[in-house]
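**Q** Below is model.cif; it holds mmCIF, C-alpha atoms.
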data_entry
#
loop_
_atom_site.label_atom_id
_atom_site.label_comp_id
_atom_site.auth_asym_id
_atom_site.auth_seq_id
_atom_site.Cartn_x
_atom_site.Cartn_y
_atom_site.Cartn_z
CA MET A 1 -32.98 -44.15 42.98
CA LEU A 2 -32.52 -40.41 42.39
CA ARG A 3 -28.93 -40.61 43.61
CA ASP A 4 -28.21 -43.52 41.26
CA LEU A 5 -29.86 -41.67 38.37
CA ILE A 6 -27.67 -38.62 38.99
CA GLY A 7 -24.63 -40.89 39.10
CA ALA A 8 -25.62 -42.54 35.81
CA ALA A 9 -26.02 -39.07 34.24
CA ARG A 10 -22.24 -38.65 34.72
CA LEU A 11 -22.38 -34.90 35.15
CA ARG A 12 -18.57 -34.73 34.87
CA THR A 13 -18.96 -35.29 31.12
CA LEU A 14 -21.04 -32.13 30.64
CA PRO A 15 -18.18 -29.58 30.46
CA LEU A 16 -16.69 -31.37 27.44
CA ALA A 17 -20.14 -31.70 25.85
CA SER A 18 -20.69 -27.96 26.27
CA ALA A 19 -17.42 -27.10 24.47
CA CYS A 20 -19.07 -27.28 21.03
CA ILE A 21 -21.84 -24.87 22.07
CA LEU A 22 -19.41 -22.43 23.69
CA THR A 23 -17.24 -22.39 20.57
CA GLY A 24 -20.23 -22.07 18.25
CA GLY A 25 -21.59 -19.28 20.41
CA GLY A 26 -18.27 -17.43 20.20
CA LEU A 27 -18.29 -17.74 16.42
CA ALA A 28 -21.86 -16.40 16.26
CA LEU A 29 -20.93 -13.43 18.44
CA ALA A 30 -17.89 -12.68 16.26
CA HIS A 31 -20.27 -12.83 13.28
CA GLY A 32 -22.18 -9.91 14.81
CA THR A 33 -25.20 -11.69 16.29
CA ALA A 34 -27.18 -9.29 18.51
CA GLY A 35 -27.76 -10.11 22.16
CA ASP A 36 -31.55 -10.13 21.94
CA ARG A 37 -31.30 -13.02 19.48
CA PHE A 38 -28.14 -14.58 20.85
CA TRP A 39 -28.93 -15.43 24.46
CA PRO A 40 -32.24 -17.34 24.10
CA LEU A 41 -30.78 -19.42 21.26
CA PHE A 42 -27.47 -19.98 23.05
CA TRP A 43 -29.15 -21.26 26.22
CA GLY A 44 -31.50 -23.38 24.15
CA CYS A 45 -28.59 -24.99 22.28
CA LEU A 46 -26.63 -25.51 25.50
CA SER A 47 -29.59 -27.11 27.29
CA THR A 48 -30.24 -29.39 24.33
CA VAL A 49 -26.68 -30.68 24.10
CA MET A 50 -26.56 -31.22 27.88
CA LEU A 51 -29.72 -33.32 27.68
CA LEU A 52 -28.34 -35.26 24.70
CA GLN A 53 -25.15 -36.01 26.63
CA ILE A 54 -27.15 -37.24 29.62
CA LEU A 55 -29.28 -39.30 27.22
CA ALA A 56 -26.11 -40.87 25.82
CA ASN A 57 -24.83 -41.59 29.34
CA PHE A 58 -28.10 -43.26 30.37
CA ALA A 59 -28.11 -45.28 27.14
CA ASN A 60 -24.48 -46.25 27.77
CA ASP A 61 -25.31 -47.52 31.26
CA LEU A 62 -28.21 -49.53 29.86
CA GLY A 63 -26.55 -50.69 26.66
CA ASP A 64 -23.26 -51.83 28.16
CA PHE A 65 -25.24 -53.94 30.63
CA GLU A 66 -27.50 -55.49 28.00
CA ASN A 67 -24.61 -56.17 25.62
CA GLY A 68 -22.36 -57.63 28.30
CA ALA A 69 -19.64 -54.96 28.29
CA ASP A 70 -20.19 -54.26 32.01
CA LEU A 71 -19.67 -57.93 32.87
CA ALA A 72 -16.00 -58.29 31.95
CA GLU A 73 -14.34 -61.33 33.50
CA GLY A 74 -17.68 -62.31 34.99
CA ARG A 75 -17.78 -59.36 37.41
CA ALA A 76 -20.46 -56.69 37.21
CA ARG A 77 -19.21 -53.10 37.27
CA GLN A 78 -20.29 -51.54 40.55
CA ASP A 79 -19.94 -48.00 39.21
CA ARG A 80 -22.85 -48.59 36.81
CA ALA A 81 -26.43 -48.20 37.96
CA VAL A 82 -27.96 -51.11 36.02
CA ALA A 83 -25.05 -53.57 36.12
CA SER A 84 -24.72 -53.13 39.89
CA GLY A 85 -28.44 -53.82 40.38
CA ARG A 86 -29.16 -50.43 41.95
CA MET A 87 -31.53 -49.69 39.05
CA THR A 88 -33.44 -52.06 36.82
CA ALA A 89 -33.15 -52.00 33.03
CA ALA A 90 -36.81 -50.95 32.85
CA GLN A 91 -36.17 -47.96 35.13
CA MET A 92 -33.21 -46.86 33.04
CA ARG A 93 -35.23 -47.30 29.85
CA ARG A 94 -37.87 -44.93 31.22
CA ALA A 95 -35.12 -42.42 32.10
CA VAL A 96 -33.83 -42.65 28.51
CA ILE A 97 -37.31 -42.00 27.07
CA LEU A 98 -37.98 -39.07 29.41
CA THR A 99 -34.59 -37.46 28.74
CA GLY A 100 -34.94 -37.98 25.00
CA GLY A 101 -38.40 -36.41 24.98
CA LEU A 102 -37.18 -33.42 26.97
CA ALA A 103 -34.16 -32.98 24.66
CA PHE A 104 -36.42 -33.02 21.61
CA LEU A 105 -38.83 -30.50 23.17
CA VAL A 106 -36.07 -28.05 24.14
CA GLY A 107 -34.26 -28.48 20.82
CA ALA A 108 -37.41 -28.03 18.72
CA THR A 109 -38.38 -24.93 20.70
CA THR A 110 -34.92 -23.45 20.10
CA VAL A 111 -35.17 -24.13 16.37
CA VAL A 112 -38.60 -22.48 16.17
CA LEU A 113 -37.20 -19.41 17.94
CA ALA A 114 -34.32 -19.33 15.45
CA VAL A 115 -36.08 -19.85 12.11
CA GLY A 116 -39.73 -19.00 12.79
CA ASP A 117 -42.07 -20.33 10.10
CA ALA A 118 -39.36 -21.06 7.52
CA TRP A 119 -40.52 -24.65 7.12
CA GLN A 120 -37.63 -25.99 5.07
CA GLU A 121 -35.09 -24.75 7.60
CA LEU A 122 -37.30 -25.95 10.43
CA LEU A 123 -37.46 -29.47 9.04
CA LEU A 124 -33.70 -29.48 8.39
CA TRP A 125 -32.80 -28.48 11.94
CA VAL A 126 -35.41 -30.70 13.61
CA GLY A 127 -34.22 -33.60 11.45
CA THR A 128 -30.64 -32.94 12.51
CA GLY A 129 -31.74 -32.98 16.13
CA ALA A 130 -33.61 -36.25 15.66
CA VAL A 131 -30.54 -37.85 14.08
CA SER A 132 -28.46 -36.63 17.03
CA MET A 133 -30.87 -38.28 19.46
CA VAL A 134 -30.75 -41.57 17.60
CA ALA A 135 -26.95 -41.40 17.49
CA ALA A 136 -26.77 -40.68 21.23
CA TYR A 137 -28.88 -43.76 22.00
CA THR A 138 -27.46 -46.26 19.52
CA TYR A 139 -23.81 -45.55 20.35
CA THR A 140 -23.79 -48.38 22.91
CA ALA A 141 -27.47 -49.36 23.15
CA GLY A 142 -29.80 -51.28 20.88
CA ARG A 143 -29.24 -54.46 18.89
CA LYS A 144 -26.25 -53.22 16.89
CA PRO A 145 -24.52 -50.38 18.78
CA TYR A 146 -22.19 -48.64 16.38
CA GLY A 147 -19.74 -47.80 19.17
CA TYR A 148 -18.93 -51.52 19.33
CA SER A 149 -17.85 -51.46 15.68
CA GLY A 150 -15.26 -48.70 15.86
CA LEU A 151 -17.56 -45.94 14.59
CA GLY A 152 -17.67 -43.93 17.80
CA ASP A 153 -14.77 -41.70 16.78
CA ILE A 154 -16.34 -40.44 13.57
CA SER A 155 -19.63 -39.89 15.38
CA VAL A 156 -17.97 -37.74 18.05
CA LEU A 157 -16.10 -35.74 15.39
CA LEU A 158 -19.34 -35.11 13.54
CA PHE A 159 -21.73 -34.33 16.40
CA PHE A 160 -19.38 -32.66 18.90
CA GLY A 161 -17.29 -31.00 16.22
CA LEU A 162 -18.61 -30.18 12.78
CA ALA A 163 -22.34 -30.21 13.52
CA GLY A 164 -22.00 -29.14 17.14
CA VAL A 165 -19.81 -26.08 16.58
CA ALA A 166 -20.59 -24.91 13.04
CA GLY A 167 -24.24 -25.94 13.41
CA THR A 168 -24.63 -23.94 16.62
CA ALA A 169 -22.97 -20.88 15.04
CA ALA A 170 -25.20 -21.15 11.95
CA LEU A 171 -28.42 -21.61 13.92
CA ILE A 172 -27.73 -18.69 16.25
CA SER A 173 -26.35 -16.28 13.64
CA GLY A 174 -28.57 -17.25 10.72
CA GLY A 175 -25.50 -17.34 8.48
CA PHE A 176 -22.51 -19.53 7.72
CA ASP A 177 -18.76 -19.05 7.23
CA ILE A 178 -16.75 -21.91 5.73
CA ARG A 179 -13.88 -21.03 8.09
CA TRP A 180 -16.03 -22.16 11.00
CA LEU A 181 -15.24 -25.74 10.03
CA LEU A 182 -11.70 -25.26 11.36
CA PRO A 183 -12.52 -24.56 15.04
CA SER A 184 -15.26 -27.17 14.64
CA ALA A 185 -12.54 -29.66 13.75
CA THR A 186 -10.45 -28.52 16.73
CA ILE A 187 -13.18 -29.20 19.28
CA GLY A 188 -14.27 -32.37 17.49
CA LEU A 189 -10.76 -33.84 17.31
CA LEU A 190 -10.02 -33.06 20.96
CA SER A 191 -13.32 -34.69 21.91
CA VAL A 192 -12.32 -37.75 19.89
CA ALA A 193 -8.99 -37.72 21.77
CA VAL A 194 -10.91 -38.00 25.06
CA LEU A 195 -12.83 -40.97 23.67
CA ASN A 196 -9.60 -42.51 22.42
CA LEU A 197 -8.06 -42.19 25.89
CA ASN A 198 -11.07 -43.97 27.34
CA ASN A 199 -10.68 -46.73 24.75
CA LEU A 200 -6.91 -46.98 25.35
CA ARG A 201 -7.59 -47.47 29.05
CA ASP A 202 -10.30 -50.09 28.49
CA HIS A 203 -9.01 -51.88 25.39
CA LEU A 204 -8.34 -55.21 27.13
CA SER A 205 -11.81 -55.48 28.68
CA ASP A 206 -13.39 -54.15 25.49
CA ALA A 207 -11.68 -56.85 23.43
CA ALA A 208 -12.81 -59.51 25.90
CA THR A 209 -16.47 -58.44 25.63
CA GLY A 210 -16.58 -57.97 21.86
CA LYS A 211 -16.45 -54.18 21.89
CA HIS A 212 -14.31 -53.54 18.81
CA THR A 213 -13.30 -49.91 19.24
CA LEU A 214 -10.64 -48.41 16.98
CA VAL A 215 -8.06 -49.06 19.70
CA VAL A 216 -8.98 -52.74 19.76
CA ARG A 217 -8.82 -52.86 15.97
CA MET A 218 -5.49 -51.06 15.53
CA GLY A 219 -3.73 -52.16 18.71
CA PHE A 220 -2.43 -50.25 21.74
CA ALA A 221 0.80 -48.94 20.15
CA ARG A 222 -0.78 -47.70 16.92
CA ALA A 223 -3.64 -46.13 18.86
CA LYS A 224 -1.07 -43.95 20.64
CA VAL A 225 0.16 -42.66 17.27
CA TYR A 226 -3.46 -42.04 16.29
CA HIS A 227 -3.91 -40.13 19.55
CA GLY A 228 -0.96 -37.91 18.75
CA ALA A 229 -2.39 -37.25 15.28
CA LEU A 230 -5.75 -36.22 16.78
CA ILE A 231 -4.28 -33.61 19.10
CA THR A 232 -1.76 -32.32 16.55
CA SER A 233 -4.47 -31.96 13.89
CA ALA A 234 -6.72 -30.14 16.37
CA TRP A 235 -4.07 -27.51 16.99
CA LEU A 236 -3.22 -27.16 13.30
CA ALA A 237 -6.90 -26.50 12.56
CA LEU A 238 -7.11 -23.80 15.24
CA LEU A 239 -3.89 -22.08 14.15
CA THR A 240 -5.09 -22.13 10.54
CA PHE A 241 -8.39 -20.55 11.58
CA TRP A 242 -6.59 -17.72 13.36
CA ALA A 243 -4.38 -17.18 10.32
CA LEU A 244 -7.44 -16.98 8.02
CA ASP A 245 -9.32 -14.65 10.38
CA PRO A 246 -6.64 -12.13 11.46
CA ASP A 247 -9.22 -9.42 12.12
CA GLY A 248 -11.36 -11.63 14.35
CA PRO A 249 -11.81 -10.83 18.06
CA TRP A 250 -9.75 -13.81 19.16
CA ARG A 251 -7.74 -13.06 22.28
CA GLY A 252 -5.81 -14.91 24.96
CA GLN A 253 -3.22 -16.58 22.75
CA LEU A 254 -0.85 -16.68 25.73
CA TRP A 255 -3.33 -18.89 27.56
CA PHE A 256 -3.71 -21.07 24.51
CA GLY A 257 0.06 -21.46 24.54
CA LEU A 258 -0.24 -22.86 28.06
CA PHE A 259 -2.96 -25.26 26.91
CA GLY A 260 -0.61 -26.36 24.14
CA LEU A 261 2.13 -27.09 26.68
CA VAL A 262 -0.37 -29.12 28.72
CA HIS A 263 -1.17 -31.19 25.64
CA LEU A 264 2.52 -31.68 24.80
CA LYS A 265 3.19 -32.97 28.31
CA HIS A 266 0.12 -35.16 28.02
CA LEU A 267 1.32 -36.70 24.74
CA ALA A 268 4.75 -37.39 26.23
CA LEU A 269 3.09 -39.31 29.07
CA VAL A 270 0.81 -41.25 26.74
CA PHE A 271 3.65 -42.37 24.48
CA ARG A 272 5.84 -43.63 27.32
CA GLU A 273 3.05 -45.23 29.39
CA THR A 274 2.67 -49.00 29.18
CA ASP A 275 -0.07 -49.47 31.77
CA PRO A 276 -3.47 -48.65 30.23
CA GLN A 277 -5.03 -47.89 33.61
CA ALA A 278 -2.45 -45.17 34.24
CA LEU A 279 -4.12 -43.15 31.46
CA ASP A 280 -7.29 -42.68 33.49
CA GLY A 281 -6.14 -39.38 34.98
CA GLU A 282 -5.36 -38.01 31.53
CA LEU A 283 -9.04 -38.14 30.55
CA LYS A 284 -9.91 -35.27 32.88
CA LYS A 285 -6.85 -33.30 31.76
CA VAL A 286 -7.79 -33.32 28.07
CA ALA A 287 -11.52 -32.88 28.71
CA LEU A 288 -11.10 -29.86 31.00
CA SER A 289 -8.45 -28.22 28.79
CA THR A 290 -10.80 -28.58 25.80
CA PHE A 291 -13.59 -26.97 27.82
CA ALA A 292 -11.24 -24.15 28.86
CA MET A 293 -10.17 -23.53 25.25
CA ALA A 294 -13.82 -23.37 24.18
CA LEU A 295 -14.60 -20.98 27.03
CA PHE A 296 -11.81 -18.64 25.91
CA LEU A 297 -13.14 -18.72 22.34
CA PHE A 298 -16.61 -17.92 23.68
CA LEU A 299 -15.45 -15.02 25.84
CA SER A 300 -13.12 -13.44 23.25
CA PRO A 301 -15.84 -11.39 21.46
CA PHE A 302 -16.86 -9.86 24.80
CA GLY A 303 -13.37 -8.43 25.39
#
Please express what this file holds, its structure, as structure tokens.
**A**
Amino acid sequence: MLRDLIGAARLRTLPLASACILTGGGLALAHGTAGDRFWPLFWGCLSTVMLLQILANFANDLGDFENGADLAEGRARQDRAVASGRMTAAQMRRAVILTGGLAFLVGATTVVLAVGDAWQELLLWVGTGAVSMVAAYTYTAGRKPYGYSGLGDISVLLFFGLAGVAGTAALISGGFDIRWLLPSATIGLLSVAVLNLNNLRDHLSDAATGKHTLVVRMGFARAKVYHGALITSAWLALLTFWALDPDGPWRGQLWFGLFGLVHLKHLALVFRETDPQALDGELKKVALSTFAMALFLFLSPFG
């Protein structure tokens, strides 16, 4: 069972999930946050988002089974723990509860370390964490999963972009800079692009099982245009941020140029590809390049 649980956790998704914390941490460091405050809060934020991503993955395994998405064309997906029968729904439900409880505990402890006894701030941050947990679970699980209604994209942009990046920077630094919304948008939009690739690949089976993602709603061809807009907008947001913060400690633009070339090549492939399954390899390419960009943003203030 442990092996199946680790498989259902989909650890390969954690680098992309960590991108928002790395970027937010870099922004906090550039803001002048001292190390004695920075590191405990950074590790607390990173641990919390990792647990939330695992929670979402467990809920996805459970929810797609219960809602029939893992039974396309009458065949159960063998790469899923519950649908394959290697774990029962009850076992996965207990894993969801345990992971959710641990995420709340770690997140609440991090917030207390950050704001102390400032009760209004404490309630705000704990409330934000609670909403994140609910969103992680109800994406594909529950009676009316919002991911089946085309709302997954906006959720990813919000939680892995705006709240994930700017929220992390604000919690760690104790301040806020409106310019932080730009790199937040960059990471959020690239994360949405990864989701969109997944939905492009699976749009036929999703349509057959009633999973109405944005790709299903807009069609395969238009979803490619949308994909191009996501990646282009992400880069425009990052370039604008650099232009508005010329004195910031942001280094490694040459490497970012290489990431940009990777994304251009990726878009060329996406636009000419007609086989949805051929896009599977592109998921890892965009996810890992987003993680690498976030890592460079995190390391820049140390240079």
**Q** Restricting the calculation to all atoms listed in the file, which member of A:Thr13, A:Gly85, A:Leu52, A:Leu122 is positioned closest to A:Gly101?
**A**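 Counting all atoms listed in the file, the residue closest to A:Gly101 is A:Leu52.
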**Q** Distance atom CA of A:Ile178-atom CA of A:Glu121, one decimal place?
**A**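 We find that atom CA of A:Ile178 and atom CA of A:Glu121 lie 18.7 Å from each other.
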**Q** So how far away is atom CA of A:Ala135 from atom CA of A:Ile97, in Å?
**A**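 Those two atoms sit 14.1 Å apart.
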**Q** Using atom CA of A:Lys284 and atom CA of A:Val134 as the two end points, give the distance in Å to one decimal.
**A**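 So the answer is 26.6 Å.
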**Q** From the list A:Val131, A:Leu41, A:Ala229, A:Leu195, which residue is nearest A:Ala170 when using only C-alpha atoms?
**A**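 Once distances to A:Ala170 are computed over only C-alpha atoms, the minimum belongs to A:Leu41.
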**Q** Would you translate the PyMOL selection byres ((chain A and resi 152-169) around 9) into the concrete set of residues it matches in this file, as a VMD selection string?
**A** chain A and resid 17 to 29 31 41 to 42 45 49 128 132 135 139 146 to 151 170 to 178 180 to 193 195 to 196 213 to 214
**Q** So that all listed atoms of stretch 108-115 of chain A fit with 8 Å spare on each side, what axis-aligned box centre and edge lengths in Å, to one decimal, would you give as JSON?
**A**
{"center_x": -36.5, "center_y": -23.7, "center_z": 16.4, "size_x": 20.3, "size_y": 24.7, "size_z": 24.6}
**Q** With all atoms listed in the file as the atoms that count, which of A:His263, A:Arg37, A:Asp280, A:Asp202 lies nearest to A:Leu230?
**A**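 Ranked by minimum distance to A:Leu230, first place goes to A:His263.
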**Q** Find the residue from A:Ala89, A:Ala81, A:Ala141, A:Ala278 that sits nearest to A:Leu200; use only C-alpha atoms when measuring.
**A**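 Answer, going by the shortest atom-to-atom distance: A:Ala278.
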**Q** Kindly indicate which residue among A:Leu254, A:Ala287, A:Ala114, A:Leu238 lies nearest to A:Thr33, using all atoms listed in the file for the distances.
**A**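 Closest residue, counting all atoms listed in the file: A:Ala114.
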**Q** Once the PyMOL selection byres ((chain A and resi 12) around 12) has been applied to the shown file, what residues remain in the selection, as a list in words?
**A**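 Evaluating the PyMOL selection byres ((chain A and resi 12) around 12) on this file yields Ile6, Gly7, Ala8, Ala9, Arg10, Leu11, Thr13, Leu14, Pro15, Leu16, Ala17, Ser18, Met50, Gln53, Ile54, Asn57, Leu283, Lys284, Ala287, Leu288 and Phe291 of chain A.
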**Q** Running the PyMOL selection byres ((chain A and resi 248) around 10) on this model by hand, what would come out? Give it as a compact mmCIF listing (two decimals) with C-alpha atoms, keeping the file's coordinate frame.
**A**
# COMPACT_ATOMS: atom_id res chain seq x y z
CA LEU A 27 -18.29 -17.74 16.42
CA ALA A 30 -17.89 -12.68 16.26
CA HIS A 31 -20.27 -12.83 13.28
CA PHE A 241 -8.39 -20.55 11.58
CA TRP A 242 -6.59 -17.72 13.36
CA ALA A 243 -4.38 -17.18 10.32
CA LEU A 244 -7.44 -16.98 8.02
CA ASP A 245 -9.32 -14.65 10.38
CA PRO A 246 -6.64 -12.13 11.46
CA ASP A 247 -9.22 -9.42 12.12
CA PRO A 249 -11.81 -10.83 18.06
CA TRP A 250 -9.75 -13.81 19.16
CA ARG A 251 -7.74 -13.06 22.28
CA SER A 300 -13.12 -13.44 23.25
CA PRO A 301 -15.84 -11.39 21.46
**Q** Counting only C-alpha atoms, which of A:Leu51, A:Gly44, A:Asn67, A:Gly303 gets nearest to A:Gly210?
**A**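 When distances to A:Gly210 are compared using only C-alpha atoms, the smallest one comes from A:Asn67.
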**Q** Starting from the sparse input, extend stretch 232-258 of chain A to N, CA and C atoms and give the output as a compact mmCIF listing (two decimals), in the frame of the given file.
**A**
# COMPACT_ATOMS: atom_id res chain seq x y z
N THR A 232 -2.53 -33.17 17.46
CA THR A 232 -1.76 -32.32 16.55
C THR A 232 -2.66 -31.68 15.49
N SER A 233 -3.55 -32.47 14.91
CA SER A 233 -4.47 -31.96 13.89
C SER A 233 -5.42 -30.91 14.47
N ALA A 234 -5.84 -31.11 15.73
CA ALA A 234 -6.72 -30.14 16.37
C ALA A 234 -6.05 -28.78 16.47
N TRP A 235 -4.80 -28.77 16.86
CA TRP A 235 -4.07 -27.51 16.99
C TRP A 235 -3.79 -26.88 15.64
N LEU A 236 -3.45 -27.69 14.64
CA LEU A 236 -3.22 -27.16 13.30
C LEU A 236 -4.47 -26.48 12.75
N ALA A 237 -5.65 -27.08 13.02
CA ALA A 237 -6.90 -26.50 12.56
C ALA A 237 -7.15 -25.15 13.23
N LEU A 238 -6.88 -25.05 14.53
CA LEU A 238 -7.11 -23.80 15.24
C LEU A 238 -6.15 -22.71 14.77
N LEU A 239 -4.87 -23.05 14.61
CA LEU A 239 -3.89 -22.08 14.15
C LEU A 239 -4.21 -21.60 12.73
N THR A 240 -4.69 -22.50 11.89
CA THR A 240 -5.09 -22.13 10.54
C THR A 240 -6.27 -21.18 10.57
N PHE A 241 -7.23 -21.43 11.46
CA PHE A 241 -8.39 -20.55 11.58
C PHE A 241 -7.95 -19.15 11.98
N TRP A 242 -7.08 -19.04 12.96
CA TRP A 242 -6.59 -17.72 13.36
C TRP A 242 -5.89 -17.02 12.22
N ALA A 243 -5.11 -17.77 11.45
CA ALA A 243 -4.38 -17.18 10.32
C ALA A 243 -5.35 -16.67 9.24
N LEU A 244 -6.46 -17.37 9.04
CA LEU A 244 -7.44 -16.98 8.02
C LEU A 244 -8.41 -15.91 8.51
N ASP A 245 -8.42 -15.66 9.82
CA ASP A 245 -9.32 -14.65 10.38
C ASP A 245 -8.51 -13.69 11.26
N PRO A 246 -7.53 -12.99 10.67
CA PRO A 246 -6.64 -12.13 11.46
C PRO A 246 -7.35 -10.95 12.11
N ASP A 247 -8.48 -10.56 11.57
CA ASP A 247 -9.22 -9.42 12.12
C ASP A 247 -10.30 -9.85 13.12
N GLY A 248 -10.37 -11.14 13.40
CA GLY A 248 -11.36 -11.63 14.35
C GLY A 248 -11.03 -11.22 15.77
N PRO A 249 -12.00 -11.29 16.69
CA PRO A 249 -11.81 -10.83 18.06
C PRO A 249 -11.15 -11.87 18.97
N TRP A 250 -10.28 -12.68 18.40
CA TRP A 250 -9.75 -13.81 19.16
C TRP A 250 -8.56 -13.38 20.02
N ARG A 251 -8.74 -13.51 21.32
CA ARG A 251 -7.74 -13.06 22.28
C ARG A 251 -7.26 -14.22 23.16
N GLY A 252 -6.28 -13.92 23.99
CA GLY A 252 -5.81 -14.91 24.96
C GLY A 252 -4.87 -15.95 24.40
N GLN A 253 -4.12 -15.60 23.34
CA GLN A 253 -3.22 -16.58 22.75
C GLN A 253 -2.17 -17.09 23.74
N LEU A 254 -1.81 -16.24 24.71
CA LEU A 254 -0.85 -16.68 25.73
C LEU A 254 -1.42 -17.87 26.50
N TRP A 255 -2.70 -17.78 26.85
CA TRP A 255 -3.33 -18.89 27.56
C TRP A 255 -3.41 -20.13 26.68
N PHE A 256 -3.68 -19.93 25.42
CA PHE A 256 -3.71 -21.07 24.51
C PHE A 256 -2.34 -21.72 24.42
N GLY A 257 -1.29 -20.90 24.50
CA GLY A 257 0.06 -21.46 24.54
C GLY A 257 0.25 -22.38 25.74
N LEU A 258 -0.32 -22.00 26.87
CA LEU A 258 -0.24 -22.86 28.06
C LEU A 258 -1.03 -24.15 27.86
